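Colleague: The following file, input.csv, comprises CSV, C-alpha atoms:
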```csv
chain,number,residue,atom,x,y,z
S,372,MET,CA,-16.2,19.9,-7.5
S,373,THR,CA,-16.5,17.4,-10.3
S,374,THR,CA,-17.8,18.9,-13.6
S,375,PRO,CA,-19.7,17.0,-16.3
S,376,GLY,CA,-16.7,17.5,-18.6
S,377,ALA,CA,-14.4,15.8,-16.1
S,378,VAL,CA,-16.8,12.9,-15.8
S,379,ARG,CA,-17.0,12.5,-19.5
S,380,ALA,CA,-13.2,12.6,-19.7
S,381,ALA,CA,-12.8,9.9,-17.1
S,382,LEU,CA,-15.3,7.5,-18.6
S,383,PRO,CA,-13.2,5.9,-21.3
S,384,GLY,CA,-10.2,5.1,-19.0
S,385,LEU,CA,-12.5,4.0,-16.2
S,386,ALA,CA,-14.4,1.6,-18.6
S,387,PHE,CA,-11.0,0.2,-19.7
S,388,ALA,CA,-10.0,-0.5,-16.1
S,389,VAL,CA,-13.3,-2.1,-15.4
S,390,ALA,CA,-12.9,-4.3,-18.5
S,391,LEU,CA,-9.5,-5.4,-17.3
S,392,ALA,CA,-11.0,-6.2,-13.9
S,393,PHE,CA,-13.8,-8.3,-15.4
S,394,ALA,CA,-11.2,-10.1,-17.7
S,395,ALA,CA,-9.1,-10.9,-14.6
S,396,LYS,CA,-12.1,-12.2,-12.7
S,397,SER,CA,-13.1,-14.4,-15.7
S,398,VAL,CA,-9.6,-15.9,-15.9
S,399,SER,CA,-9.7,-16.6,-12.2
S,400,LEU,CA,-13.1,-18.3,-12.4
S,401,ALA,CA,-12.0,-20.3,-15.4
S,402,SER,CA,-9.0,-21.6,-13.4
S,403,GLY,CA,-11.2,-22.7,-10.6
S,404,GLY,CA,-9.7,-20.1,-8.3
S,405,ALA,CA,-6.2,-21.4,-8.8
S,406,LEU,CA,-5.2,-17.9,-10.1
S,407,SER,CA,-5.9,-14.9,-8.0
S,408,SER,CA,-8.1,-12.4,-9.8
S,409,ILE,CA,-6.2,-9.5,-8.2
S,410,LEU,CA,-2.9,-10.9,-9.5
S,411,CYS,CA,-4.4,-11.3,-12.9
S,412,ALA,CA,-5.7,-7.7,-12.9
S,413,ILE,CA,-2.3,-6.3,-11.9
S,414,LEU,CA,-0.4,-8.4,-14.5
S,415,PHE,CA,-2.9,-7.6,-17.2
S,416,GLY,CA,-2.5,-3.9,-16.5
S,417,ILE,CA,1.4,-4.1,-16.5
S,418,LEU,CA,1.5,-6.1,-19.7
S,419,TRP,CA,-0.9,-3.8,-21.5
S,420,ARG,CA,0.9,-0.7,-20.4
S,421,ASN,CA,4.4,-1.9,-21.3
S,422,VAL,CA,3.6,-4.0,-24.4
S,423,ALA,CA,0.6,-2.5,-26.2
S,424,GLY,CA,0.7,1.0,-24.5
S,425,ILE,CA,-2.2,3.2,-23.7
S,426,GLY,CA,-3.1,6.7,-24.9
S,427,GLY,CA,-3.9,9.9,-23.1
S,428,TRP,CA,-7.6,9.2,-23.6
S,429,ALA,CA,-7.4,6.8,-20.7
S,430,ASP,CA,-5.4,8.8,-18.2
S,431,ALA,CA,-8.2,10.5,-16.3
S,432,GLY,CA,-10.3,7.3,-15.9
S,433,VAL,CA,-7.3,5.2,-14.9
S,434,GLU,CA,-6.3,7.8,-12.3
S,435,PHE,CA,-9.8,7.8,-10.9
S,436,ALA,CA,-9.9,4.0,-10.6
S,437,GLY,CA,-6.4,3.9,-9.1
S,438,ASN,CA,-7.2,6.5,-6.5
S,439,HIS,CA,-10.9,6.9,-5.7
S,440,LEU,CA,-12.2,3.4,-6.4
S,441,LEU,CA,-9.2,1.7,-4.8
S,442,ARG,CA,-9.4,3.9,-1.7
S,443,ALA,CA,-13.2,3.2,-1.4
S,444,GLY,CA,-12.5,-0.5,-1.5
S,445,ILE,CA,-9.8,-0.2,1.1
S,446,ALA,CA,-12.1,1.8,3.4
S,447,LEU,CA,-14.8,-1.0,3.2
S,448,ILE,CA,-12.2,-3.5,4.4
S,449,GLY,CA,-12.8,-1.9,7.9
S,450,LEU,CA,-16.1,-3.9,8.0
S,451,ARG,CA,-14.0,-7.0,8.4
S,452,LEU,CA,-12.6,-5.8,11.8
S,453,THR,CA,-14.1,-5.2,15.2
S,454,LEU,CA,-12.6,-2.7,17.6
S,455,VAL,CA,-11.3,-5.6,19.8
S,456,VAL,CA,-9.4,-7.1,16.9
S,457,LEU,CA,-8.3,-3.7,15.7
S,458,THR,CA,-6.8,-3.0,19.2
S,459,GLY,CA,-5.1,-6.4,19.4
S,460,VAL,CA,-3.6,-6.2,15.9
S,461,SER,CA,-2.3,-2.6,16.6
S,462,LEU,CA,-0.6,-3.7,19.8
S,463,ALA,CA,1.0,-6.7,18.2
S,464,ALA,CA,2.1,-4.8,15.0
S,465,LEU,CA,3.6,-1.7,16.7
S,466,PRO,CA,7.0,-3.1,17.5
S,467,VAL,CA,7.3,-4.7,14.0
S,468,VAL,CA,6.4,-1.4,12.4
S,469,ILE,CA,8.9,0.6,14.5
S,470,ALA,CA,11.7,-2.0,13.7
S,471,CYS,CA,11.0,-1.9,10.0
S,472,ILE,CA,10.9,1.9,9.8
S,473,ALA,CA,14.2,2.2,11.6
S,474,VAL,CA,15.9,-0.5,9.4
S,475,ALA,CA,14.5,1.0,6.2
S,476,LEU,CA,15.7,4.5,7.0
S,477,LEU,CA,19.2,3.4,8.1
S,478,ALA,CA,19.6,0.9,5.2
S,479,ALA,CA,18.7,3.4,2.5
S,480,MET,CA,21.0,6.1,3.9
S,481,ALA,CA,23.9,3.6,4.4
S,482,PHE,CA,23.6,2.0,0.9
S,483,GLY,CA,23.1,5.4,-0.6
S,484,ARG,CA,26.4,6.6,0.7
S,485,LEU,CA,28.1,3.3,-0.3
S,486,PHE,CA,26.9,3.6,-3.9
S,487,GLY,CA,27.5,7.3,-4.2
S,488,VAL,CA,23.8,8.3,-4.6
S,489,THR,CA,23.2,12.0,-3.9
S,490,PRO,CA,22.1,12.9,-0.4
S,491,GLY,CA,18.8,14.3,-1.6
S,492,LEU,CA,17.9,11.1,-3.4
S,493,GLN,CA,19.0,9.0,-0.5
S,494,ARG,CA,16.5,10.8,1.8
S,495,LEU,CA,13.7,10.4,-0.7
S,496,LEU,CA,14.4,6.7,-1.1
S,497,ALA,CA,14.6,6.3,2.7
S,498,ALA,CA,11.3,8.0,3.3
S,499,GLY,CA,9.5,6.1,0.5
S,500,THR,CA,10.8,2.7,1.7
S,501,ALA,CA,10.2,3.3,5.4
S,502,ILE,CA,6.9,5.1,5.6
S,503,CYS,CA,4.4,5.0,2.8
S,504,GLY,CA,5.9,5.0,-0.6
S,505,CYS,CA,5.0,7.7,-3.1
S,506,THR,CA,3.0,9.6,-0.4
S,507,ALA,CA,6.0,10.0,1.8
S,508,ILE,CA,8.2,11.1,-1.2
S,509,ILE,CA,5.7,13.7,-2.2
S,510,ALA,CA,5.2,15.0,1.3
S,511,LEU,CA,8.9,15.3,2.0
S,512,ALA,CA,10.1,16.6,-1.3
S,513,PRO,CA,9.2,20.3,-0.5
S,514,VAL,CA,10.8,20.0,2.9
S,515,LEU,CA,14.0,18.6,1.5
S,516,ARG,CA,14.0,21.0,-1.5
S,517,SER,CA,14.4,18.0,-3.8
S,518,ARG,CA,15.0,18.2,-7.5
S,519,GLN,CA,12.2,17.1,-9.7
S,520,GLN,CA,14.4,14.6,-11.3
S,521,ASP,CA,15.2,13.0,-7.9
S,522,VAL,CA,11.5,12.9,-7.0
S,523,GLY,CA,10.7,11.1,-10.3
S,524,ILE,CA,13.5,8.5,-9.8
S,525,ALA,CA,12.5,7.8,-6.2
S,526,ILE,CA,8.8,7.3,-7.2
S,527,ALA,CA,9.8,5.0,-10.0
S,528,CYS,CA,11.9,2.9,-7.7
S,529,VAL,CA,9.1,2.6,-5.2
S,530,VAL,CA,6.6,1.7,-7.9
S,531,LEU,CA,9.0,-0.9,-9.3
S,532,PHE,CA,10.1,-2.7,-6.2
S,533,GLY,CA,6.8,-2.3,-4.4
S,534,SER,CA,5.0,-3.9,-7.4
S,535,ALA,CA,7.5,-6.7,-7.4
S,536,ALA,CA,6.9,-7.2,-3.6
S,537,MET,CA,3.1,-7.1,-4.2
S,538,VAL,CA,3.4,-10.0,-6.6
S,539,GLY,CA,6.1,-12.0,-4.9
S,540,TYR,CA,5.6,-11.5,-1.2
S,541,PRO,CA,2.4,-13.6,-0.9
S,542,TRP,CA,4.3,-16.8,-1.6
S,543,ILE,CA,7.2,-15.7,0.7
S,544,ALA,CA,4.6,-15.1,3.5
S,545,HIS,CA,3.1,-18.5,2.9
S,546,TYR,CA,6.5,-20.2,3.0
S,547,PHE,CA,7.4,-18.6,6.4
S,548,PHE,CA,4.1,-18.2,8.1
S,549,GLY,CA,1.9,-20.8,6.5
S,550,GLY,CA,-1.7,-20.3,7.7
S,551,GLU,CA,-0.8,-17.8,10.4
S,552,VAL,CA,-2.9,-15.0,8.9
S,553,ALA,CA,-2.0,-12.3,11.5
S,554,ALA,CA,1.8,-12.7,10.9
S,555,ALA,CA,1.3,-12.7,7.1
S,556,GLY,CA,-0.8,-9.6,7.2
S,557,MET,CA,1.7,-7.8,9.4
S,558,PHE,CA,4.5,-8.8,7.1
S,559,PHE,CA,2.8,-7.2,4.1
S,560,GLY,CA,1.9,-4.0,6.1
S,561,ALA,CA,5.3,-3.6,7.7
S,562,SER,CA,7.5,-4.2,4.6
S,563,ILE,CA,5.8,-3.2,1.4
S,564,GLN,CA,6.1,0.5,0.4
S,565,ASP,CA,2.8,1.8,-0.9
S,566,THR,CA,-0.7,1.2,0.6
S,567,SER,CA,-2.1,0.0,-2.7
S,568,GLN,CA,0.7,-2.5,-3.0
S,569,VAL,CA,0.2,-3.7,0.6
S,570,VAL,CA,-3.5,-4.3,-0.1
S,571,GLY,CA,-2.7,-6.0,-3.4
S,572,ALA,CA,-0.3,-8.4,-1.8
S,573,ALA,CA,-2.7,-9.2,1.0
S,574,LEU,CA,-5.5,-9.8,-1.5
S,575,ILE,CA,-3.4,-12.2,-3.6
S,576,TYR,CA,-2.4,-14.0,-0.4
S,577,SER,CA,-6.0,-14.2,0.8
S,578,GLN,CA,-7.3,-15.5,-2.6
S,579,GLN,CA,-4.5,-18.0,-3.2
S,580,PHE,CA,-4.4,-19.4,0.4
S,581,ASP,CA,-8.0,-18.8,1.5
S,582,ALA,CA,-7.1,-16.3,4.2
S,583,PRO,CA,-9.4,-13.3,3.9
S,584,ASP,CA,-8.6,-11.8,7.3
S,585,ALA,CA,-5.0,-11.1,6.1
S,586,VAL,CA,-6.3,-8.1,4.1
S,587,ALA,CA,-7.6,-6.2,7.2
S,588,VAL,CA,-4.5,-7.0,9.2
S,589,ALA,CA,-2.2,-5.8,6.4
S,590,GLY,CA,-4.2,-2.6,5.9
S,591,LEU,CA,-4.2,-1.7,9.6
S,592,THR,CA,-0.5,-2.4,9.9
S,593,LYS,CA,0.2,-0.2,6.9
S,594,PHE,CA,-1.9,2.6,8.3
S,595,MET,CA,0.3,2.5,11.4
S,596,ARG,CA,3.4,3.1,9.2
S,597,THR,CA,1.7,6.0,7.5
S,598,PHE,CA,1.2,7.8,10.8
S,599,GLY,CA,5.0,8.0,10.9
S,600,LEU,CA,4.7,11.0,8.5
S,601,LEU,CA,3.4,13.0,11.5
S,602,VAL,CA,6.8,12.5,13.1
S,603,LEU,CA,9.2,12.3,10.1
S,604,VAL,CA,8.1,15.5,8.3
S,605,PRO,CA,8.3,17.9,11.2
S,606,LEU,CA,11.7,16.4,12.3
S,607,THR,CA,13.0,16.7,8.7
S,608,ALA,CA,11.8,20.3,8.5
S,609,MET,CA,13.6,21.2,11.7
S,610,TRP,CA,16.8,19.5,10.6
S,611,MET,CA,16.7,21.2,7.2
S,612,ALA,CA,15.8,24.6,8.6
S,613,ARG,CA,18.5,25.0,11.3
S,614,GLY,CA,17.3,28.5,12.0
S,615,ALA,CA,15.6,29.2,8.6
S,616,ALA,CA,12.2,28.2,7.5
S,617,ALA,CA,12.2,25.5,4.8
S,618,PRO,CA,10.4,26.9,1.8
S,619,GLY,CA,7.5,24.9,0.6
S,620,ALA,CA,7.2,22.8,3.8
S,621,ALA,CA,3.8,21.2,4.2
S,622,GLY,CA,1.5,22.9,6.7
S,623,ALA,CA,-0.1,21.1,9.6
S,624,GLY,CA,-3.3,20.7,7.7
S,625,GLY,CA,-1.6,19.2,4.6
S,626,LEU,CA,0.5,16.9,6.7
S,627,ARG,CA,-2.5,15.6,8.6
S,628,ALA,CA,-4.3,15.0,5.3
S,629,ARG,CA,-1.4,12.9,4.1
S,630,ALA,CA,-0.9,10.9,7.3
S,631,LEU,CA,-4.6,10.5,8.0
S,632,PRO,CA,-6.4,10.5,4.6
S,633,TRP,CA,-10.2,10.1,4.4
S,634,PHE,CA,-10.1,6.4,3.6
S,635,VAL,CA,-8.1,5.7,6.8
S,636,VAL,CA,-10.7,7.5,8.8
S,637,ALA,CA,-13.5,5.7,6.9
S,638,PHE,CA,-11.7,2.4,7.6
S,639,ILE,CA,-11.7,3.0,11.3
S,640,ALA,CA,-15.4,4.2,11.2
S,641,PHE,CA,-16.4,1.0,9.4
S,642,ALA,CA,-14.7,-1.0,12.1
S,643,ILE,CA,-16.8,0.9,14.6
S,644,VAL,CA,-19.9,0.1,12.5
S,645,ARG,CA,-19.0,-3.6,12.4
S,646,THR,CA,-18.5,-3.7,16.2
S,647,ALA,CA,-21.9,-2.0,16.8
S,648,GLY,CA,-23.6,-4.1,14.2
S,649,ASP,CA,-22.3,-7.4,15.6
S,650,PHE,CA,-23.6,-6.4,19.0
S,651,TRP,CA,-27.0,-4.9,18.2
S,652,LEU,CA,-28.0,-6.2,14.7
S,653,ASP,CA,-26.4,-9.7,14.5
S,654,GLY,CA,-28.7,-11.7,12.3
S,655,PRO,CA,-29.4,-12.8,8.7
S,656,ALA,CA,-30.0,-9.2,7.4
S,657,TRP,CA,-26.8,-8.0,9.0
S,658,ARG,CA,-24.8,-10.9,7.6
S,659,ALA,CA,-26.2,-10.3,4.2
S,660,PHE,CA,-25.2,-6.6,4.4
S,661,LEU,CA,-21.6,-7.6,5.4
S,662,GLN,CA,-21.5,-10.1,2.5
S,663,THR,CA,-22.7,-7.5,0.0
S,664,ALA,CA,-20.2,-4.9,1.3
S,665,GLN,CA,-17.3,-7.4,1.0
S,666,GLN,CA,-18.3,-8.2,-2.6
S,667,ALA,CA,-18.5,-4.4,-3.4
S,668,SER,CA,-15.1,-3.9,-1.7
S,669,GLU,CA,-13.5,-6.8,-3.8
S,670,MET,CA,-14.9,-5.3,-7.1
S,671,LEU,CA,-13.7,-1.8,-6.3
S,672,LEU,CA,-10.2,-3.2,-5.3
S,673,LEU,CA,-10.1,-5.3,-8.5
S,674,CYS,CA,-10.8,-2.2,-10.7
S,675,GLY,CA,-8.2,-0.2,-8.6
S,676,MET,CA,-5.5,-2.9,-9.0
S,677,ALA,CA,-6.1,-3.0,-12.7
S,678,ALA,CA,-5.4,0.7,-12.8
S,679,ILE,CA,-2.4,0.3,-10.6
S,680,GLY,CA,-1.0,-2.2,-13.1
S,681,LEU,CA,-1.7,0.3,-16.0
S,682,GLY,CA,0.4,2.8,-14.1
S,683,VAL,CA,3.5,0.7,-13.9
S,684,THR,CA,6.0,1.6,-16.6
S,685,PHE,CA,9.7,0.7,-16.8
S,686,ALA,CA,10.6,3.5,-19.2
S,687,ASN,CA,11.0,6.0,-16.4
S,688,LEU,CA,13.8,3.9,-14.9
S,689,ARG,CA,16.1,4.1,-17.9
S,690,GLU,CA,17.6,7.4,-17.0
S,691,ALA,CA,18.0,6.5,-13.3
S,692,GLY,CA,21.0,4.3,-13.7
S,693,TRP,CA,21.8,1.3,-11.5
S,694,ARG,CA,22.8,3.0,-8.3
S,695,PRO,CA,19.4,4.3,-7.1
S,696,LEU,CA,17.9,1.0,-8.1
S,697,ALA,CA,20.4,-0.9,-6.1
S,698,VAL,CA,19.8,1.3,-3.0
S,699,ALA,CA,16.0,0.9,-3.3
S,700,PHE,CA,16.2,-2.8,-3.8
S,701,LEU,CA,18.6,-3.4,-0.9
S,702,ALA,CA,16.7,-1.1,1.5
S,703,ALA,CA,13.4,-2.9,0.6
S,704,ALA,CA,15.0,-6.3,1.0
S,705,ALA,CA,16.4,-5.3,4.4
S,706,THR,CA,13.0,-4.1,5.5
S,707,GLY,CA,11.3,-7.4,4.4
S,708,ALA,CA,14.0,-9.5,6.1
S,709,THR,CA,13.6,-7.5,9.3
S,710,ALA,CA,9.8,-8.0,9.2
S,711,ILE,CA,10.2,-11.8,8.7
S,712,ALA,CA,12.9,-12.1,11.4
S,713,PHE,CA,10.9,-10.1,13.9
S,714,LEU,CA,7.6,-11.9,13.3
S,715,GLU,CA,9.4,-15.3,13.5
S,716,TRP,CA,10.9,-14.3,16.8
S,717,CYS,CA,7.7,-13.1,18.4
S,718,ARG,CA,5.1,-15.3,16.6
S,719,VAL,CA,4.1,-17.0,19.8
S,720,ALA,CA,3.3,-13.7,21.4
S,721,LEU,CA,1.3,-12.6,18.4
S,722,ILE,CA,-0.8,-15.7,18.4
S,723,ALA,CA,-1.5,-15.3,22.1
S,724,LEU,CA,-2.5,-11.6,21.7
S,725,ILE,CA,-4.7,-12.0,18.6
S,726,ALA,CA,-6.1,-15.5,18.7
S,727,PRO,CA,-8.5,-15.0,21.7
S,728,GLN,CA,-10.3,-12.3,19.6
```
Let me see the file written as structure tokens.
Modeller:
Amino acid sequence: MTTPGAVRAALPGLAFAVALAFAAKSVSLASGGALSSILCAILFGILWRNVAGIGGWADAGVEFAGNHLLRAGIALIGLRLTLVVLTGVSLAALPVVIACIAVALLAAMAFGRLFGVTPGLQRLLAAGTAICGCTAIIALAPVLRSRQQDVGIAIACVVLFGSAAMVGYPWIAHYFFGGEVAAAGMFFGASIQDTSQVVGAALIYSQQFDAPDAVAVAGLTKFMRTFGLLVLVPLTAMWMARGAAAPGAAGAGGLRARALPWFVVAFIAFAIVRTAGDFWLDGPAWRAFLQTAQQASEMLLLCGMAAIGLGVTFANLREAGWRPLAVAFLAAAATGATAIAFLEWCRVALIALIAPQ
């Protein structure tokens, strides 16, 4: 339960994140839309954190914006999908997701052995790259009995290269897929590590190349990867235990909460609402509601992305050395290349499956 004291503690940092969001929106408007407001918010946050710095007074509010506001904005993206489109995207994305997860796991372990990274850190980097970034690392750390230092290095690597992909992948997607929104969205969802980074990349792409549907496709594809925790954690626990219970392993309830968090459930619920509304309520009032909801989602996401930028710091990587960074980079690059190759190979099938919707 949130206390009045907690609310007061969060207000300064929250106000700062909102101010960065409005500054980013203003710059985007001043450029006539040539600059994505999401990209500006992320870059403003990164620059402020690493150049000017930010005190502890902002921590609670920035965390609130980067978690709760961001997830609420992601949930509202569900209103952009109907159940028919959701099903079509899921069927098309499934083989891409499976291929990318397999490549990420194998690449991280292989490069980790090649560069002499400790086995525990190899596994954390593999899980973070393959499944869902920081969430997978945190979920697997107790099962793997990981050192706190390894957890910190793995999270820092995911944040670094996931943030780089968030900023760079929109242009890579446009180069390879052009205006094929479904392929671009699946590329983001299947290859970028963290959910917030996936949504950030899709938002930049949608704003720069006028492709709003990419956000919903990217989010849904990413959620499918997240469900991999339901398989990976129990298998890892069994492998680690080998006859003895792994201390600290997540229980079934905690695992379900990580693999199926509230905003994913809300996302699907909003898709159901959109489907029912289009069927029963389609009209000016319903369209006005959808427009308002989309604007609210964009503002929430803008504030959340500013907070994500404020959380990116390069200082944590100084003690890691080049080896974990090389493993994380090569595994992420292999995952991205796999997504591009797979989507190029089956793009005709994707168009046939999704276009009729």
Colleague: Of the candidates S:Ile472, S:Met676, S:Val588, S:Leu652, which one gets nearest to Gly449 of chain S if we count only C-alpha atoms?
Modeller: S:Val588
Colleague: With all atoms listed in the file as the basis for distance, which of S:Gln665, S:Ser562, S:Gln493, S:Ser397 is at the shortest distance from Val467 of chain S?
Modeller: S:Ser562
Colleague: Looking at S:Leu485, S:Ile526, S:Ala443, S:Leu574, which one is nearest to Cys505 of chain S, with distances taken over only C-alpha atoms?
Modeller: S:Ile526
Colleague: Determine, counting only C-alpha atoms, which protein, DNA and RNA residues have an atom within 9 Å of an atom of Ala527 of chain S; residues of the same chain fewer than 2 positions away are not included. Present the result as a PyMOL selection string.
Modeller: chain S and resi 505+522-525+529-532+683-685+687-688+691
Colleague: Let me make sure I understand: among S:Gly556, S:Gly654, S:Gly707, S:Gly675, which one has the smallest atom-to-atom distance to Ala463 of chain S if we use all atoms listed in the file?
Modeller: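 Counting all atoms listed in the file, the residue closest to Ala463 of chain S is S:Gly556.
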Colleague: Nearest residue to Ala704 of chain S out of S:Ile413, S:Ala394, S:Leu591, S:Ala501, using only C-alpha atoms?
Modeller: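 Closest to Ala704 of chain S of all the choices is S:Ala501.
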Colleague: Assuming the input is short of atoms at segment 539-553 of chain S, produce N, CA and C atoms for that part as a compact mmCIF listing (two decimals), in the frame of the given file.
Modeller:
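Resulting contents of out_2.txt:
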```txt
# COMPACT_ATOMS: atom_id res chain seq x y z
N GLY S 539 5.32 -10.95 -5.43
CA GLY S 539 6.10 -12.00 -4.90
C GLY S 539 5.96 -12.35 -3.43
N TYR S 540 5.66 -11.34 -2.61
CA TYR S 540 5.60 -11.50 -1.20
C TYR S 540 4.50 -12.49 -0.69
N PRO S 541 3.36 -12.61 -1.38
CA PRO S 541 2.40 -13.60 -0.90
C PRO S 541 2.91 -14.99 -0.76
N TRP S 542 3.76 -15.41 -1.69
CA TRP S 542 4.30 -16.80 -1.60
C TRP S 542 5.42 -16.83 -0.57
N ILE S 543 6.17 -15.76 -0.38
CA ILE S 543 7.20 -15.70 0.70
C ILE S 543 6.48 -15.81 2.04
N ALA S 544 5.37 -15.07 2.19
CA ALA S 544 4.60 -15.10 3.50
C ALA S 544 4.09 -16.51 3.73
N HIS S 545 3.59 -17.17 2.70
CA HIS S 545 3.10 -18.50 2.90
C HIS S 545 4.18 -19.48 3.28
N TYR S 546 5.36 -19.30 2.71
CA TYR S 546 6.50 -20.20 3.00
C TYR S 546 6.89 -20.03 4.49
N PHE S 547 6.96 -18.80 4.99
CA PHE S 547 7.40 -18.60 6.40
C PHE S 547 6.34 -18.73 7.40
N PHE S 548 5.12 -18.29 7.08
CA PHE S 548 4.10 -18.20 8.10
C PHE S 548 2.94 -19.21 7.90
N GLY S 549 2.90 -19.86 6.75
CA GLY S 549 1.90 -20.80 6.50
C GLY S 549 0.47 -20.24 6.65
N GLY S 550 -0.32 -20.81 7.54
CA GLY S 550 -1.70 -20.30 7.70
C GLY S 550 -1.84 -19.30 8.83
N GLU S 551 -0.75 -18.77 9.35
CA GLU S 551 -0.80 -17.80 10.40
C GLU S 551 -1.14 -16.40 9.76
N VAL S 552 -2.42 -16.12 9.67
CA VAL S 552 -2.90 -15.00 8.90
C VAL S 552 -2.41 -13.64 9.50
N ALA S 553 -2.40 -13.53 10.82
CA ALA S 553 -2.00 -12.30 11.50
C ALA S 553 -0.52 -11.96 11.11
```
